[in-house]
Amino acid sequence: MNPLKTDYIAHDRIYQQLKAKGAFGWTSESDQTEVVQPRILQAIACLALAPGSRILDLGCGTGDIAVWLANSGYAAYGIDIAPSAIAWAKEKAQAQQSQVQFTVGSVLDLAVYEDDSFDLVVDSRCLHCIIGPDRAHTLANIYRVLKPSGGFLIQSMCGEVMEDSPMRPTFDPNSCCTMNDQGIATRYIGSASVILEELTTAGFSIDNWHVVPREGPHDQDDLVALAVKPNA
């Protein structure tokens with residue numbers, strides 16, 4: 001039982017609004033190509049993944065990363081709780097004739113995937129949306145679906161929420177979560193060390209990590225880490 005109130009499906013309403021406005025997706029195209037893709041390529045290189053390797057985009061949203069992975073020669077999968085996001089992702093994949101298996105589902109249990117299924121799981125800035133004890137449950141299932149020696153690439157907000165941040169008025173230092181007007185926890189912003197400890201507690205070893213400092217008041221420090229499931 002999660003002591004904090006959550007509303008993960010609320011993301012679906014936001015995707016509907018973004019599509020109605022003609023947005024690229026949750027983030028900009030430049031963020032995808034200039035920030036996220038290079039991080040994934042580095043993880044692929046660290047793991048020495050060959051073309052055809054199975055990669056899961058966790059919290060895939062509108063599917064742009066999964067489509068890019070498929071177009072790059074990988075067996076790409078994407079999962080998101082928001083039906084509107086997955087419908088949008090399928091449209092994008094069809095437009096590029098990309099073969100991606102998109103699924104509407106919960107990242108908390110990943111029930112649609114078998115054990116030892118993936119060579120790499122990419123956190124598309126989803127982990128910081130998972131709250132309280134749901135986090136350990138999610139990490140356990142990411143560990144479950146990874147093959148031995150498979151990797152989990154984390155991209156997660158971390159660090160101190162500064163005085164000039166628009167998130168500061170909504171940030172609860174006791175839970176390290178931002179809260180909306182209804183008292184629902186929306187983002188977890190823990191320290192990098194605590195997040196790394198969550199990963200090792202789940203059984204992962206940390207291959208490499210670094211913190212990307214925020215660029216301004218509307219930004220937040222970003223933990224980028226590659227966690228590996230040990231080879232049994």
# chains A, B, ... in the order shown; residues from 1 in each chain; ligands from 1
call {"tool": "closest_atom_pairs", "arguments": {"of": "range 25-134 of chain A", "to": "range 171-187 of chain A", "cutoff": "8 Å", "atoms": "only C-alpha atoms", "output": "Markdown table"}}
result
| residue | atom | partner | partner_atom | distance |
| --- | --- | --- | --- | --- |
| A:His128 | CA | A:Arg187 | CA | 5.5 |
| A:Cys129 | CA | A:Arg187 | CA | 4.8 |
| A:Ile130 | CA | A:Arg187 | CA | 7.0 |
| A:Ile131 | CA | A:Ala185 | CA | 7.0 |
| A:Gly132 | CA | A:Ser175 | CA | 7.9 |
call {"tool": "residues_around", "arguments": {"residues": "Cys126 in chain A", "least_positions_apart": "2", "cutoff": "10 Å", "atoms": "only C-alpha atoms", "output": "ChimeraX atom specification"}}
result
/A:57-61,80,107,122-124,128-130,154-157,187
call {"tool": "residues_around", "arguments": {"residues": "Ala66 in chain A", "least_positions_apart": "2", "cutoff": "7 Å", "atoms": "only C-alpha atoms", "output": "list in words"}}
result
Asp57, Gly63, Asp64, Trp68, Leu69, Ala70, Ala76, Tyr77, Gly78 and Val100 of chain A
call {"tool": "write_last_selection", "arguments": {"atoms": "N, CA and C atoms", "output": "compact mmCIF listing (two decimals), in the first residue's frame"}}
result
# COMPACT_ATOMS: atom_id res chain seq x y z
N ASP A 57 11.67 0.75 -24.08
CA ASP A 57 11.56 2.16 -23.71
C ASP A 57 10.48 2.27 -22.64
N GLY A 63 6.62 7.75 -28.26
CA GLY A 63 7.32 6.69 -28.98
C GLY A 63 8.50 7.09 -29.83
N ASP A 64 8.94 8.34 -29.74
CA ASP A 64 9.99 8.81 -30.65
C ASP A 64 11.30 8.06 -30.45
N TRP A 68 13.08 5.61 -33.20
CA TRP A 68 14.49 5.83 -33.56
C TRP A 68 15.31 4.55 -33.36
N LEU A 69 15.07 3.85 -32.27
CA LEU A 69 15.80 2.60 -32.02
C LEU A 69 15.47 1.55 -33.08
N ALA A 70 14.20 1.45 -33.43
CA ALA A 70 13.81 0.49 -34.47
C ALA A 70 14.46 0.84 -35.80
N ALA A 76 12.71 -2.95 -30.96
CA ALA A 76 12.27 -1.90 -30.04
C ALA A 76 10.87 -2.18 -29.50
N TYR A 77 10.74 -1.91 -28.22
CA TYR A 77 9.46 -2.07 -27.52
C TYR A 77 9.22 -0.80 -26.70
N GLY A 78 7.96 -0.45 -26.53
CA GLY A 78 7.63 0.72 -25.72
C GLY A 78 6.40 0.46 -24.88
N VAL A 100 7.70 -1.37 -34.23
CA VAL A 100 7.84 -1.22 -32.78
C VAL A 100 6.62 -1.87 -32.13
call {"tool": "atom_distance", "arguments": {"atom1": "CA of Cys46 in chain A", "atom2": "CA of Thr138 in chain A"}}
result
23.6 Å
call {"tool": "closest_residue", "arguments": {"among": "A:Asp134, A:Glu197, A:Asp116, A:Asp219", "to": "Ala232 in chain A", "atoms": "only C-alpha atoms"}}
result
A:Asp116
call {"tool": "atom_distance", "arguments": {"atom1": "CA of Arg168 in chain A", "atom2": "CA of Val224 in chain A"}}
result
22.2 Å
call {"tool": "select_by_dssp", "arguments": {"residues": "range 160-220 of chain A", "states": "alpha helix (DSSP H)", "output": "ChimeraX atom specification"}}
result
/A:192-201
call {"tool": "select_by_dssp", "arguments": {"residues": "range 63-226 of chain A", "states": "strand (DSSP E)", "output": "JSON, numbers by chain"}}
result
{"A": [75, 76, 77, 78, 79, 80, 100, 101, 102, 103, 104, 118, 119, 120, 121, 122, 123, 146, 147, 148, 149, 150, 151, 152, 153, 154, 155, 156, 157, 171, 172, 177, 178, 179, 185, 186, 187, 188, 205, 206, 207, 208, 209, 210, 211, 212, 222, 223, 224, 225, 226]}
call {"tool": "write_last_selection", "arguments": {"atoms": "N, CA and C atoms", "output": "compact mmCIF listing (two decimals), in the first residue's frame"}}
result
# COMPACT_ATOMS: atom_id res chain seq x y z
N ALA A 75 15.51 -4.28 -31.94
CA ALA A 75 14.15 -4.76 -31.70
C ALA A 75 13.57 -3.89 -30.59
N ALA A 76 12.71 -2.95 -30.96
CA ALA A 76 12.27 -1.90 -30.04
C ALA A 76 10.87 -2.18 -29.50
N TYR A 77 10.74 -1.91 -28.22
CA TYR A 77 9.46 -2.07 -27.52
C TYR A 77 9.22 -0.80 -26.70
N GLY A 78 7.96 -0.45 -26.53
CA GLY A 78 7.63 0.72 -25.72
C GLY A 78 6.40 0.46 -24.88
N ILE A 79 6.43 0.92 -23.64
CA ILE A 79 5.28 0.76 -22.74
C ILE A 79 5.00 2.08 -22.05
N ASP A 80 3.72 2.40 -21.93
CA ASP A 80 3.30 3.62 -21.24
C ASP A 80 1.90 3.40 -20.70
N VAL A 100 7.70 -1.37 -34.23
CA VAL A 100 7.84 -1.22 -32.78
C VAL A 100 6.62 -1.87 -32.13
N GLN A 101 6.85 -2.61 -31.07
CA GLN A 101 5.74 -3.20 -30.32
C GLN A 101 5.41 -2.28 -29.14
N PHE A 102 4.36 -1.48 -29.31
CA PHE A 102 3.91 -0.56 -28.27
C PHE A 102 2.81 -1.21 -27.44
N THR A 103 2.84 -0.97 -26.14
CA THR A 103 1.87 -1.56 -25.22
C THR A 103 1.37 -0.52 -24.23
N VAL A 104 0.06 -0.48 -24.03
CA VAL A 104 -0.49 0.28 -22.92
C VAL A 104 -0.39 -0.59 -21.68
N PHE A 118 15.02 -8.53 -22.11
CA PHE A 118 15.61 -7.36 -22.77
C PHE A 118 17.10 -7.21 -22.48
N ASP A 119 17.79 -6.67 -23.48
CA ASP A 119 19.22 -6.36 -23.33
C ASP A 119 19.43 -4.98 -22.70
N LEU A 120 18.46 -4.10 -22.89
CA LEU A 120 18.55 -2.75 -22.34
C LEU A 120 17.14 -2.23 -22.07
N VAL A 121 16.96 -1.63 -20.91
CA VAL A 121 15.74 -0.88 -20.59
C VAL A 121 16.13 0.58 -20.45
N VAL A 122 15.43 1.44 -21.17
CA VAL A 122 15.70 2.88 -21.14
C VAL A 122 14.62 3.58 -20.32
N ASP A 123 15.04 4.30 -19.31
CA ASP A 123 14.13 5.13 -18.52
C ASP A 123 13.94 6.45 -19.26
N LEU A 146 15.09 -7.85 -17.47
CA LEU A 146 16.41 -7.74 -18.10
C LEU A 146 17.10 -9.09 -18.17
N LYS A 147 17.80 -9.31 -19.26
CA LYS A 147 18.67 -10.48 -19.35
C LYS A 147 19.88 -10.29 -18.43
N PRO A 148 20.50 -11.37 -17.97
CA PRO A 148 21.77 -11.21 -17.25
C PRO A 148 22.77 -10.42 -18.10
N SER A 149 23.45 -9.50 -17.49
CA SER A 149 24.38 -8.56 -18.13
C SER A 149 23.65 -7.46 -18.89
N GLY A 150 22.31 -7.44 -18.83
CA GLY A 150 21.56 -6.36 -19.45
C GLY A 150 21.65 -5.09 -18.63
N GLY A 151 21.34 -3.97 -19.27
CA GLY A 151 21.50 -2.68 -18.62
C GLY A 151 20.20 -1.90 -18.48
N PHE A 152 20.18 -1.04 -17.47
CA PHE A 152 19.07 -0.12 -17.24
C PHE A 152 19.63 1.29 -17.24
N LEU A 153 19.25 2.08 -18.24
CA LEU A 153 19.71 3.47 -18.35
C LEU A 153 18.72 4.38 -17.64
N ILE A 154 19.19 5.05 -16.60
CA ILE A 154 18.34 5.93 -15.80
C ILE A 154 18.58 7.38 -16.20
N GLN A 155 17.48 8.12 -16.37
CA GLN A 155 17.52 9.57 -16.55
C GLN A 155 16.48 10.14 -15.59
N SER A 156 16.92 10.65 -14.45
CA SER A 156 15.98 10.97 -13.39
C SER A 156 16.34 12.28 -12.71
N MET A 157 15.36 13.12 -12.48
CA MET A 157 15.60 14.34 -11.72
C MET A 157 16.15 13.99 -10.34
N PHE A 171 7.10 21.38 -3.39
CA PHE A 171 8.00 20.30 -2.98
C PHE A 171 7.87 20.02 -1.49
N ASP A 172 7.66 18.74 -1.17
CA ASP A 172 7.58 18.29 0.22
C ASP A 172 8.90 17.65 0.60
N CYS A 177 8.93 14.70 -2.69
CA CYS A 177 8.01 14.69 -3.83
C CYS A 177 7.39 16.06 -4.04
N THR A 178 7.13 16.38 -5.30
CA THR A 178 6.27 17.51 -5.60
C THR A 178 4.83 17.05 -5.45
N MET A 179 3.97 17.96 -5.00
CA MET A 179 2.57 17.63 -4.73
C MET A 179 1.68 18.61 -5.49
N ALA A 185 1.06 13.14 -5.08
CA ALA A 185 2.49 13.21 -5.38
C ALA A 185 2.71 13.01 -6.87
N THR A 186 3.46 13.92 -7.49
CA THR A 186 3.63 13.88 -8.94
C THR A 186 5.04 13.54 -9.40
N ARG A 187 6.07 13.97 -8.65
CA ARG A 187 7.45 13.69 -9.02
C ARG A 187 8.26 13.41 -7.76
N TYR A 188 9.15 12.43 -7.87
CA TYR A 188 10.10 12.15 -6.79
C TYR A 188 11.45 12.76 -7.17
N SER A 205 24.26 -3.58 -10.30
CA SER A 205 25.57 -2.95 -10.10
C SER A 205 25.61 -1.69 -10.95
N ILE A 206 26.31 -0.68 -10.49
CA ILE A 206 26.36 0.60 -11.20
C ILE A 206 27.60 0.62 -12.08
N ASP A 207 27.40 0.66 -13.39
CA ASP A 207 28.52 0.70 -14.33
C ASP A 207 29.13 2.10 -14.36
N ASN A 208 28.29 3.10 -14.51
CA ASN A 208 28.76 4.49 -14.52
C ASN A 208 27.60 5.41 -14.21
N TRP A 209 27.93 6.60 -13.72
CA TRP A 209 26.89 7.58 -13.46
C TRP A 209 27.49 8.97 -13.38
N HIS A 210 26.65 9.96 -13.63
CA HIS A 210 27.04 11.35 -13.42
C HIS A 210 25.78 12.18 -13.25
N VAL A 211 25.95 13.35 -12.69
CA VAL A 211 24.84 14.28 -12.52
C VAL A 211 25.03 15.44 -13.48
N VAL A 212 24.00 15.71 -14.28
CA VAL A 212 24.01 16.85 -15.18
C VAL A 212 23.38 18.03 -14.43
N ASP A 222 19.98 16.35 -13.15
CA ASP A 222 19.55 15.11 -13.80
C ASP A 222 20.58 14.03 -13.52
N LEU A 223 20.15 12.94 -12.90
CA LEU A 223 21.02 11.78 -12.71
C LEU A 223 20.96 10.91 -13.95
N VAL A 224 22.12 10.65 -14.54
CA VAL A 224 22.22 9.73 -15.68
C VAL A 224 23.11 8.58 -15.23
N ALA A 225 22.58 7.38 -15.23
CA ALA A 225 23.33 6.23 -14.73
C ALA A 225 23.02 4.99 -15.55
N LEU A 226 24.01 4.13 -15.68
CA LEU A 226 23.82 2.83 -16.31
C LEU A 226 23.98 1.77 -15.23
call {"tool": "residues_around", "arguments": {"residues": "Ser193 in chain A", "least_positions_apart": "3", "cutoff": "10 Å", "atoms": "only C-alpha atoms", "output": "list of chain:residue names"}}
result
A:Cys158, A:Gly159, A:Gly190, A:Leu196, A:Glu197, A:Glu198, A:Leu199, A:Leu223
call {"tool": "atom_distance", "arguments": {"atom1": "CA of Ile9 in chain A", "atom2": "CA of Ala82 in chain A"}}
result
6.1 Å
